[in-house]
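Undergrad: My questions all concern the structure below.
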Amino acid sequence: MASLKDLRNRIASVKATRKITKAMQMVAAAKLRRAQEAAVAARPYAERMAVVLANLASAMEGQAGAPKLLSGTGSDRVHLLVVATAERGLCGGFNSSIVKIAREAADRLIAQGKTVKIMTVGKKGADSLRRNYGKYVVDAVDFRGAKAVNFDHAAGVSAKILSMYEAGEFDICTLFFSEFKSVISQKPTALQLIPAQYDAAMVPDLGGAVYDAEPEEAEILGELLPRNIAIQVFRGLLENAASEQGARMSAMDNATRNAADMINRLSIKYNRQRQAQITKELIEIISGAEAL
């Protein structure tokens, strides 16, 4: 049985931990607002870009001379998985949920006889994947020195992806990130970047009208497709930033509540043991006095 001194030290330790988790919860709440605003603001641009690309791609369908980023290499043998996670932990299952779907995708592709290459963006994802998938990791990017992600970070990642694609190092590229829904809900998402995919439902109905694009669709797509990759990577990083702060806020709130419950249990145990010790001492005093 722990002594009273041990219980006092334990209570003091848990109280100190509660102060830290409470402070981290407040910091995450302050950062969440800015991160959420940035993620929400990026969505309309990325979605509108997808509509424009879908419209142009539908016009190029079945035609020769389509950009390689749209038509692909004609093979699906080599897959590049870009796994974007956070630089720090203490955010619940945020990082592990992204790594989980990336592992599932890698295992499925390997079972099909495909070649898998992994690029990690963020320290936690790199640490997790190196344990069992180290031989598949071809590049690791981290932004530990940055206070907040910006478009330059996404452009750097996009440039590496495009450089590898132009060198013929992969056929299909998929980005893994977590889409922000709310403070308590973040959705792990896989988005294919190369070759670009579009939903036919995005193409506007022009009522049979015929129009010409100037310059030609292929030339426009040649400019927009590389930019779209950077935009989608940037959107993924912004969604991750908001999801990370939401997950950390929720995790630290749970940790603070658990610390409070533990303090209550330890305090009850301490008071009971202290009362038992006082009672024992009184009995000894009374027994001694009666013996006299």
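By order in the structure tokens, chains are A, B, ...; within a chain, residues start at 1; ligands start at 1, following the order shown.
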Determine which residues of segment 44-257 of chain A DSSP labels as strand (DSSP E or B) from the backbone of this structure, then write them out as an mmCIF file with N, CA and C atoms, in the first residue's frame.
TA:
data_model
loop_
_atom_site.group_PDB
_atom_site.id
_atom_site.type_symbol
_atom_site.label_atom_id
_atom_site.label_comp_id
_atom_site.auth_asym_id
_atom_site.auth_seq_id
_atom_site.Cartn_x
_atom_site.Cartn_y
_atom_site.Cartn_z
ATOM 1 N N VAL A 78 3.640 1.105 -61.219
ATOM 2 C CA VAL A 78 4.352 1.752 -60.114
ATOM 3 C C VAL A 78 3.466 2.833 -59.501
ATOM 4 N N HIS A 79 3.275 2.749 -58.187
ATOM 5 C CA HIS A 79 2.421 3.699 -57.471
ATOM 6 C C HIS A 79 3.251 4.501 -56.474
ATOM 7 N N LEU A 80 3.053 5.807 -56.471
ATOM 8 C CA LEU A 80 3.670 6.685 -55.476
ATOM 9 C C LEU A 80 2.602 7.111 -54.477
ATOM 10 N N LEU A 81 2.822 6.820 -53.198
ATOM 11 C CA LEU A 81 1.894 7.200 -52.137
ATOM 12 C C LEU A 81 2.495 8.369 -51.361
ATOM 13 N N VAL A 82 1.840 9.509 -51.425
ATOM 14 C CA VAL A 82 2.290 10.700 -50.692
ATOM 15 C C VAL A 82 1.465 10.788 -49.410
ATOM 16 N N VAL A 83 2.110 10.530 -48.273
ATOM 17 C CA VAL A 83 1.418 10.447 -46.982
ATOM 18 C C VAL A 83 1.720 11.708 -46.181
ATOM 19 N N ALA A 84 0.712 12.568 -46.012
ATOM 20 C CA ALA A 84 0.876 13.833 -45.291
ATOM 21 C C ALA A 84 0.331 13.698 -43.871
ATOM 22 N N THR A 115 4.472 -2.189 -57.812
ATOM 23 C CA THR A 115 5.624 -1.576 -57.146
ATOM 24 C C THR A 115 5.156 -0.336 -56.395
ATOM 25 N N VAL A 116 5.506 -0.255 -55.120
ATOM 26 C CA VAL A 116 5.040 0.842 -54.267
ATOM 27 C C VAL A 116 6.223 1.703 -53.851
ATOM 28 N N LYS A 117 6.045 3.010 -53.980
ATOM 29 C CA LYS A 117 7.009 3.989 -53.469
ATOM 30 C C LYS A 117 6.249 4.950 -52.556
ATOM 31 N N ILE A 118 6.896 5.363 -51.479
ATOM 32 C CA ILE A 118 6.231 6.212 -50.487
ATOM 33 C C ILE A 118 7.028 7.493 -50.292
ATOM 34 N N MET A 119 6.328 8.620 -50.336
ATOM 35 C CA MET A 119 6.896 9.916 -49.962
ATOM 36 C C MET A 119 6.135 10.419 -48.743
ATOM 37 N N THR A 120 6.837 10.705 -47.664
ATOM 38 C CA THR A 120 6.179 11.181 -46.453
ATOM 39 C C THR A 120 6.327 12.693 -46.351
ATOM 40 N N VAL A 121 5.252 13.335 -45.905
ATOM 41 C CA VAL A 121 5.261 14.773 -45.633
ATOM 42 C C VAL A 121 4.850 14.936 -44.171
ATOM 43 N N VAL A 137 10.120 3.746 -48.699
ATOM 44 C CA VAL A 137 10.172 5.212 -48.556
ATOM 45 C C VAL A 137 11.295 5.755 -49.433
ATOM 46 N N VAL A 138 10.940 6.592 -50.405
ATOM 47 C CA VAL A 138 11.928 7.147 -51.334
ATOM 48 C C VAL A 138 12.264 8.604 -51.017
ATOM 49 N N ASP A 139 11.408 9.269 -50.247
ATOM 50 C CA ASP A 139 11.672 10.666 -49.897
ATOM 51 C C ASP A 139 10.880 11.019 -48.648
ATOM 52 N N ALA A 140 11.423 11.947 -47.869
ATOM 53 C CA ALA A 140 10.749 12.399 -46.651
ATOM 54 C C ALA A 140 10.879 13.913 -46.564
ATOM 55 N N VAL A 141 9.755 14.592 -46.427
ATOM 56 C CA VAL A 141 9.713 16.055 -46.334
ATOM 57 C C VAL A 141 9.123 16.418 -44.983
ATOM 58 N N ILE A 172 1.228 6.191 -61.142
ATOM 59 C CA ILE A 172 0.053 6.743 -60.455
ATOM 60 C C ILE A 172 0.495 7.322 -59.119
ATOM 61 N N CYS A 173 -0.012 8.506 -58.795
ATOM 62 C CA CYS A 173 0.322 9.170 -57.526
ATOM 63 C C CYS A 173 -0.966 9.432 -56.750
ATOM 64 N N THR A 174 -0.947 9.082 -55.466
ATOM 65 C CA THR A 174 -2.113 9.283 -54.591
ATOM 66 C C THR A 174 -1.675 10.023 -53.338
ATOM 67 N N LEU A 175 -2.448 11.033 -52.957
ATOM 68 C CA LEU A 175 -2.173 11.831 -51.761
ATOM 69 C C LEU A 175 -3.079 11.374 -50.624
ATOM 70 N N PHE A 176 -2.498 11.162 -49.447
ATOM 71 C CA PHE A 176 -3.251 10.770 -48.254
ATOM 72 C C PHE A 176 -3.184 11.906 -47.237
ATOM 73 N N PHE A 177 -4.348 12.345 -46.780
ATOM 74 C CA PHE A 177 -4.430 13.405 -45.773
ATOM 75 C C PHE A 177 -5.731 13.245 -45.008
ATOM 76 N N SER A 178 -5.992 14.146 -44.082
ATOM 77 C CA SER A 178 -7.213 14.078 -43.274
ATOM 78 C C SER A 178 -8.063 15.311 -43.542
ATOM 79 N N GLU A 179 -9.267 15.096 -44.023
ATOM 80 C CA GLU A 179 -10.172 16.209 -44.312
ATOM 81 C C GLU A 179 -10.868 16.654 -43.032
ATOM 82 N N PHE A 180 -10.833 17.956 -42.781
ATOM 83 C CA PHE A 180 -11.425 18.502 -41.558
ATOM 84 C C PHE A 180 -12.941 18.577 -41.687
ATOM 85 N N LYS A 181 -13.637 17.949 -40.741
ATOM 86 C CA LYS A 181 -15.097 18.019 -40.680
ATOM 87 C C LYS A 181 -15.540 18.883 -39.500
ATOM 88 N N SER A 182 -15.031 18.565 -38.315
ATOM 89 C CA SER A 182 -15.336 19.323 -37.101
ATOM 90 C C SER A 182 -14.249 19.029 -36.082
ATOM 91 N N SER A 185 -14.360 15.371 -35.527
ATOM 92 C CA SER A 185 -14.468 14.510 -36.701
ATOM 93 C C SER A 185 -13.485 14.949 -37.777
ATOM 94 N N GLN A 186 -12.563 14.051 -38.124
ATOM 95 C CA GLN A 186 -11.622 14.264 -39.219
ATOM 96 C C GLN A 186 -11.624 13.005 -40.081
ATOM 97 N N LYS A 187 -11.765 13.184 -41.391
ATOM 98 C CA LYS A 187 -11.935 12.044 -42.290
ATOM 99 C C LYS A 187 -10.650 11.761 -43.068
ATOM 100 N N PRO A 188 -9.983 10.627 -42.804
ATOM 101 C CA PRO A 188 -8.804 10.249 -43.612
ATOM 102 C C PRO A 188 -9.217 10.081 -45.076
ATOM 103 N N THR A 189 -8.464 10.708 -45.970
ATOM 104 C CA THR A 189 -8.860 10.768 -47.378
ATOM 105 C C THR A 189 -7.695 10.390 -48.284
ATOM 106 N N ALA A 190 -8.014 9.676 -49.363
ATOM 107 C CA ALA A 190 -7.038 9.348 -50.407
ATOM 108 C C ALA A 190 -7.486 10.039 -51.694
ATOM 109 N N LEU A 191 -6.620 10.865 -52.266
ATOM 110 C CA LEU A 191 -6.938 11.627 -53.472
ATOM 111 C C LEU A 191 -5.899 11.334 -54.548
ATOM 112 N N GLN A 192 -6.341 10.823 -55.702
ATOM 113 C CA GLN A 192 -5.406 10.549 -56.797
ATOM 114 C C GLN A 192 -5.039 11.856 -57.488
ATOM 115 N N LEU A 193 -3.738 12.116 -57.557
ATOM 116 C CA LEU A 193 -3.246 13.346 -58.179
ATOM 117 C C LEU A 193 -2.851 13.136 -59.633
ATOM 118 N N ILE A 194 -2.185 12.015 -59.917
ATOM 119 C CA ILE A 194 -1.691 11.715 -61.263
ATOM 120 C C ILE A 194 -2.049 10.264 -61.594
#
Undergrad: If you run DSSP over the backbone, which residues in segment 114-149 of chain A end up alpha helix (DSSP H)? Put them as a PyMOL selection string.
TA: chain A and resi 123-133
Undergrad: Env of segment 30-35 of chain A: 9 Å cut, atoms = only C-alpha atoms, seq-sep filter 2 positions within chain, self excluded. Answer as a list in words.
TA: Gln25, Met26, Val27, Ala28, Glu37, Ala38, Ala39, Val40, Ala148, Val183, Leu238, Glu239, Ala241, Ala242, Ser243, Glu244, Gln245, Gly246 and Met249 of chain A
Undergrad: Could you please take those selected residues and save N, CA, C and O atoms as a PDB file, in the first residue's frame?
TA:
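Dumped everything to out.pdb:
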ATOM      1  N   GLN A  25      -4.690  22.428 -24.597  1.00  0.00           N
ATOM      2  CA  GLN A  25      -6.043  22.498 -25.148  1.00  0.00           C
ATOM      3  C   GLN A  25      -6.380  23.937 -25.553  1.00  0.00           C
ATOM      4  O   GLN A  25      -6.940  24.171 -26.641  1.00  0.00           O
ATOM      5  N   MET A  26      -6.010  24.893 -24.724  1.00  0.00           N
ATOM      6  CA  MET A  26      -6.307  26.301 -25.029  1.00  0.00           C
ATOM      7  C   MET A  26      -5.494  26.785 -26.222  1.00  0.00           C
ATOM      8  O   MET A  26      -5.992  27.528 -27.072  1.00  0.00           O
ATOM      9  N   VAL A  27      -4.233  26.369 -26.300  1.00  0.00           N
ATOM     10  CA  VAL A  27      -3.401  26.757 -27.444  1.00  0.00           C
ATOM     11  C   VAL A  27      -3.967  26.165 -28.744  1.00  0.00           C
ATOM     12  O   VAL A  27      -4.041  26.841 -29.772  1.00  0.00           O
ATOM     13  N   ALA A  28      -4.361  24.881 -28.687  1.00  0.00           N
ATOM     14  CA  ALA A  28      -4.939  24.238 -29.873  1.00  0.00           C
ATOM     15  C   ALA A  28      -6.234  24.925 -30.300  1.00  0.00           C
ATOM     16  O   ALA A  28      -6.495  25.078 -31.492  1.00  0.00           O
ATOM     17  N   GLU A  37     -10.217  28.447 -40.733  1.00  0.00           N
ATOM     18  CA  GLU A  37     -10.544  29.488 -41.707  1.00  0.00           C
ATOM     19  C   GLU A  37      -9.724  29.321 -42.986  1.00  0.00           C
ATOM     20  O   GLU A  37     -10.238  29.479 -44.099  1.00  0.00           O
ATOM     21  N   ALA A  38      -8.431  28.971 -42.841  1.00  0.00           N
ATOM     22  CA  ALA A  38      -7.577  28.787 -44.021  1.00  0.00           C
ATOM     23  C   ALA A  38      -8.035  27.581 -44.837  1.00  0.00           C
ATOM     24  O   ALA A  38      -8.079  27.638 -46.071  1.00  0.00           O
ATOM     25  N   ALA A  39      -8.389  26.481 -44.155  1.00  0.00           N
ATOM     26  CA  ALA A  39      -8.832  25.272 -44.861  1.00  0.00           C
ATOM     27  C   ALA A  39     -10.147  25.522 -45.598  1.00  0.00           C
ATOM     28  O   ALA A  39     -10.301  25.125 -46.763  1.00  0.00           O
ATOM     29  N   VAL A  40     -11.087  26.180 -44.941  1.00  0.00           N
ATOM     30  CA  VAL A  40     -12.387  26.448 -45.564  1.00  0.00           C
ATOM     31  C   VAL A  40     -12.235  27.411 -46.734  1.00  0.00           C
ATOM     32  O   VAL A  40     -12.895  27.268 -47.771  1.00  0.00           O
ATOM     33  N   ALA A 148       3.711  27.875 -39.798  1.00  0.00           N
ATOM     34  CA  ALA A 148       2.458  27.488 -40.463  1.00  0.00           C
ATOM     35  C   ALA A 148       2.776  27.131 -41.907  1.00  0.00           C
ATOM     36  O   ALA A 148       3.714  27.674 -42.508  1.00  0.00           O
ATOM     37  N   VAL A 183     -14.392  19.602 -34.894  1.00  0.00           N
ATOM     38  CA  VAL A 183     -13.397  19.399 -33.846  1.00  0.00           C
ATOM     39  C   VAL A 183     -13.281  17.923 -33.483  1.00  0.00           C
ATOM     40  O   VAL A 183     -12.194  17.423 -33.186  1.00  0.00           O
ATOM     41  N   LEU A 238      -3.499  22.172 -45.670  1.00  0.00           N
ATOM     42  CA  LEU A 238      -4.368  23.038 -44.860  1.00  0.00           C
ATOM     43  C   LEU A 238      -5.424  22.227 -44.116  1.00  0.00           C
ATOM     44  O   LEU A 238      -5.725  22.497 -42.949  1.00  0.00           O
ATOM     45  N   GLU A 239      -5.996  21.227 -44.798  1.00  0.00           N
ATOM     46  CA  GLU A 239      -6.974  20.351 -44.134  1.00  0.00           C
ATOM     47  C   GLU A 239      -6.297  19.613 -42.974  1.00  0.00           C
ATOM     48  O   GLU A 239      -6.883  19.444 -41.902  1.00  0.00           O
ATOM     49  N   ALA A 241      -3.705  20.655 -41.235  1.00  0.00           N
ATOM     50  CA  ALA A 241      -3.411  21.596 -40.154  1.00  0.00           C
ATOM     51  C   ALA A 241      -4.640  21.814 -39.279  1.00  0.00           C
ATOM     52  O   ALA A 241      -4.550  21.821 -38.038  1.00  0.00           O
ATOM     53  N   ALA A 242      -5.806  21.989 -39.912  1.00  0.00           N
ATOM     54  CA  ALA A 242      -7.039  22.175 -39.141  1.00  0.00           C
ATOM     55  C   ALA A 242      -7.417  20.896 -38.400  1.00  0.00           C
ATOM     56  O   ALA A 242      -7.818  20.936 -37.225  1.00  0.00           O
ATOM     57  N   SER A 243      -7.284  19.753 -39.069  1.00  0.00           N
ATOM     58  CA  SER A 243      -7.623  18.476 -38.434  1.00  0.00           C
ATOM     59  C   SER A 243      -6.712  18.192 -37.249  1.00  0.00           C
ATOM     60  O   SER A 243      -7.155  17.674 -36.217  1.00  0.00           O
ATOM     61  N   GLU A 244      -5.431  18.522 -37.396  1.00  0.00           N
ATOM     62  CA  GLU A 244      -4.473  18.289 -36.304  1.00  0.00           C
ATOM     63  C   GLU A 244      -4.864  19.083 -35.060  1.00  0.00           C
ATOM     64  O   GLU A 244      -4.879  18.543 -33.942  1.00  0.00           O
ATOM     65  N   GLN A 245      -5.178  20.361 -35.244  1.00  0.00           N
ATOM     66  CA  GLN A 245      -5.522  21.182 -34.083  1.00  0.00           C
ATOM     67  C   GLN A 245      -6.856  20.754 -33.467  1.00  0.00           C
ATOM     68  O   GLN A 245      -7.014  20.757 -32.243  1.00  0.00           O
ATOM     69  N   GLY A 246      -7.803  20.356 -34.308  1.00  0.00           N
ATOM     70  CA  GLY A 246      -9.069  19.857 -33.779  1.00  0.00           C
ATOM     71  C   GLY A 246      -8.886  18.583 -32.992  1.00  0.00           C
ATOM     72  O   GLY A 246      -9.447  18.410 -31.895  1.00  0.00           O
ATOM     73  N   MET A 249      -7.048  19.403 -29.718  1.00  0.00           N
ATOM     74  CA  MET A 249      -7.951  20.043 -28.767  1.00  0.00           C
ATOM     75  C   MET A 249      -8.838  19.008 -28.094  1.00  0.00           C
ATOM     76  O   MET A 249      -9.025  19.018 -26.862  1.00  0.00           O
TER      77      MET A 249
END
Undergrad: Might you pull out every residue within 10 Å of Gly89 of chain A, with only C-alpha atoms counted and same-chain residues fewer than 3 positions away left off, and present them as a list in words?
TA: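 Those residues are Thr85, Ala86, Gly92, Gly93, Phe94, Asn95, Ser96, Lys123, Lys124, Glu244 and Arg248 of chain A.
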Undergrad: Keeping only N, CA, C and O atoms, write those residues as a PDB file, in the first residue's frame.
TA:
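Result file part16.pdb:
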ATOM      1  N   THR A  85       1.193  13.934 -42.890  1.00  0.00           N
ATOM      2  CA  THR A  85       0.801  13.864 -41.479  1.00  0.00           C
ATOM      3  C   THR A  85       1.336  15.105 -40.763  1.00  0.00           C
ATOM      4  O   THR A  85       1.857  16.030 -41.395  1.00  0.00           O
ATOM      5  N   ALA A  86       1.243  15.100 -39.432  1.00  0.00           N
ATOM      6  CA  ALA A  86       1.693  16.237 -38.637  1.00  0.00           C
ATOM      7  C   ALA A  86       3.161  16.094 -38.258  1.00  0.00           C
ATOM      8  O   ALA A  86       3.764  15.026 -38.394  1.00  0.00           O
ATOM      9  N   GLY A  92      -4.309  12.643 -30.469  1.00  0.00           N
ATOM     10  CA  GLY A  92      -5.214  11.513 -30.585  1.00  0.00           C
ATOM     11  C   GLY A  92      -4.819  10.586 -31.722  1.00  0.00           C
ATOM     12  O   GLY A  92      -3.652  10.308 -31.953  1.00  0.00           O
ATOM     13  N   GLY A  93      -5.824  10.127 -32.457  1.00  0.00           N
ATOM     14  CA  GLY A  93      -5.587   9.195 -33.551  1.00  0.00           C
ATOM     15  C   GLY A  93      -5.420   9.866 -34.894  1.00  0.00           C
ATOM     16  O   GLY A  93      -5.533   9.196 -35.932  1.00  0.00           O
ATOM     17  N   PHE A  94      -5.131  11.161 -34.912  1.00  0.00           N
ATOM     18  CA  PHE A  94      -5.026  11.901 -36.179  1.00  0.00           C
ATOM     19  C   PHE A  94      -3.975  11.295 -37.104  1.00  0.00           C
ATOM     20  O   PHE A  94      -4.254  10.938 -38.252  1.00  0.00           O
ATOM     21  N   ASN A  95      -2.736  11.190 -36.613  1.00  0.00           N
ATOM     22  CA  ASN A  95      -1.656  10.668 -37.457  1.00  0.00           C
ATOM     23  C   ASN A  95      -1.855   9.195 -37.801  1.00  0.00           C
ATOM     24  O   ASN A  95      -1.658   8.772 -38.938  1.00  0.00           O
ATOM     25  N   SER A  96      -2.239   8.411 -36.801  1.00  0.00           N
ATOM     26  CA  SER A  96      -2.370   6.961 -37.022  1.00  0.00           C
ATOM     27  C   SER A  96      -3.471   6.628 -38.019  1.00  0.00           C
ATOM     28  O   SER A  96      -3.369   5.649 -38.756  1.00  0.00           O
ATOM     29  N   LYS A 123       6.840  14.594 -39.965  1.00  0.00           N
ATOM     30  CA  LYS A 123       7.728  13.714 -39.203  1.00  0.00           C
ATOM     31  C   LYS A 123       7.012  12.478 -38.671  1.00  0.00           C
ATOM     32  O   LYS A 123       7.566  11.374 -38.690  1.00  0.00           O
ATOM     33  N   LYS A 124       5.790  12.622 -38.168  1.00  0.00           N
ATOM     34  CA  LYS A 124       5.113  11.484 -37.524  1.00  0.00           C
ATOM     35  C   LYS A 124       4.811  10.375 -38.527  1.00  0.00           C
ATOM     36  O   LYS A 124       4.947   9.191 -38.211  1.00  0.00           O
ATOM     37  N   GLU A 244      -5.431  18.522 -37.396  1.00  0.00           N
ATOM     38  CA  GLU A 244      -4.473  18.289 -36.304  1.00  0.00           C
ATOM     39  C   GLU A 244      -4.864  19.083 -35.060  1.00  0.00           C
ATOM     40  O   GLU A 244      -4.879  18.543 -33.942  1.00  0.00           O
ATOM     41  N   ARG A 248      -6.064  17.563 -31.586  1.00  0.00           N
ATOM     42  CA  ARG A 248      -5.288  17.849 -30.372  1.00  0.00           C
ATOM     43  C   ARG A 248      -6.177  18.498 -29.306  1.00  0.00           C
ATOM     44  O   ARG A 248      -6.061  18.172 -28.120  1.00  0.00           O
TER      45      ARG A 248
END
Undergrad: Tell me which protein, DNA and RNA residues are within 8 Å of segment 265-278 of chain A, counting only C-alpha atoms, leaving out same-chain ones fewer than 6 positions away, and put them as a list in words.
TA: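 Non-adjacent residues within range: Leu4, Leu7, Arg8, Arg10 and Ile11 of chain A.
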Undergrad: Excluding Arg103 of chain A and its own-chain neighbours fewer than 4 positions away, which residues fall within 9 Å of it when counting only C-alpha atoms? Please give them as a list in words.
TA: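 Counting only the stated atoms, we get Ile98, Val99, Asp107, Arg108, Leu129 and Tyr133 of chain A.
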Undergrad: Atoms to include: N, CA, C and O atoms. Write the selected residues as a short mmCIF file (atom, residue, chain, number, x, y, z; two decimals), in the first residue's frame.
TA:
data_model
loop_
_atom_site.label_atom_id
_atom_site.label_comp_id
_atom_site.auth_asym_id
_atom_site.auth_seq_id
_atom_site.Cartn_x
_atom_site.Cartn_y
_atom_site.Cartn_z
N ILE A 98 -4.35 8.39 -40.69
CA ILE A 98 -3.83 8.62 -42.04
C ILE A 98 -2.87 7.51 -42.44
O ILE A 98 -2.92 6.97 -43.55
N VAL A 99 -1.96 7.18 -41.51
CA VAL A 99 -0.99 6.12 -41.78
C VAL A 99 -1.70 4.79 -42.02
O VAL A 99 -1.27 3.98 -42.86
N ASP A 107 -0.41 -2.28 -48.78
CA ASP A 107 -0.54 -3.74 -48.69
C ASP A 107 -1.37 -4.30 -49.85
O ASP A 107 -1.04 -5.35 -50.42
N ARG A 108 -2.43 -3.59 -50.20
CA ARG A 108 -3.29 -4.04 -51.30
C ARG A 108 -2.52 -4.02 -52.63
O ARG A 108 -2.61 -4.97 -53.42
N LEU A 129 5.94 4.93 -40.71
CA LEU A 129 6.06 4.08 -41.89
C LEU A 129 7.46 3.47 -42.03
O LEU A 129 7.60 2.41 -42.64
N TYR A 133 7.78 -0.20 -43.42
CA TYR A 133 7.78 0.09 -44.86
C TYR A 133 9.00 0.93 -45.25
O TYR A 133 8.95 1.67 -46.24
#
Undergrad: Can you work out the spacing between atom CA of Asn55 of chain A and atom CA of Arg235 of chain A in Å, to one decimal?
TA: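 Computing the Euclidean distance for atom CA of Asn55 of chain A and atom CA of Arg235 of chain A yields 20.9 Å.
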Undergrad: With only C-alpha atoms as the atoms that count, which of A:Ala291, A:Leu224, A:Ala159, A:Ile110 lies nearest to Tyr136 of chain A?
TA: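 The closest residue to Tyr136 of chain A is A:Ile110.
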Undergrad: Choose the residue, out of A:Gln36, A:Ser71, A:Gln112, A:Ser158, that has the smallest atom-to-atom separation from Ile229 of chain A; count only C-alpha atoms.
TA: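 Among the listed residues, A:Ser158 lies closest to Ile229 of chain A.
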Undergrad: One decimal, Å: what's the distance from atom CA of Lys160 of chain A over to atom CA of Asn228 of chain A, could you say?
TA: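 One can read the atom CA of Lys160 of chain A to atom CA of Asn228 of chain A distance as 14.3 Å.
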Undergrad: What's around Ala154 of chain A at 9 Å? Count only C-alpha atoms, leave out sequence neighbours fewer than 2 positions away in its own chain, and write the answer as a list in words.
TA: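 Answer for this query is Val149, Asn150, Phe151, Asp152, Gly156, Val157, Ser158, Ala159, Ile229, Ala230, Ile231, Gln232, Val233, Phe234, Arg235, Gly236 and Leu237 of chain A.
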Undergrad: To one decimal place in Å, what is the distance between atom CA of Ala155 of chain A and atom CA of Asp127 of chain A?
TA: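 Calculated distance between atom CA of Ala155 of chain A and atom CA of Asp127 of chain A is 23.3 Å.
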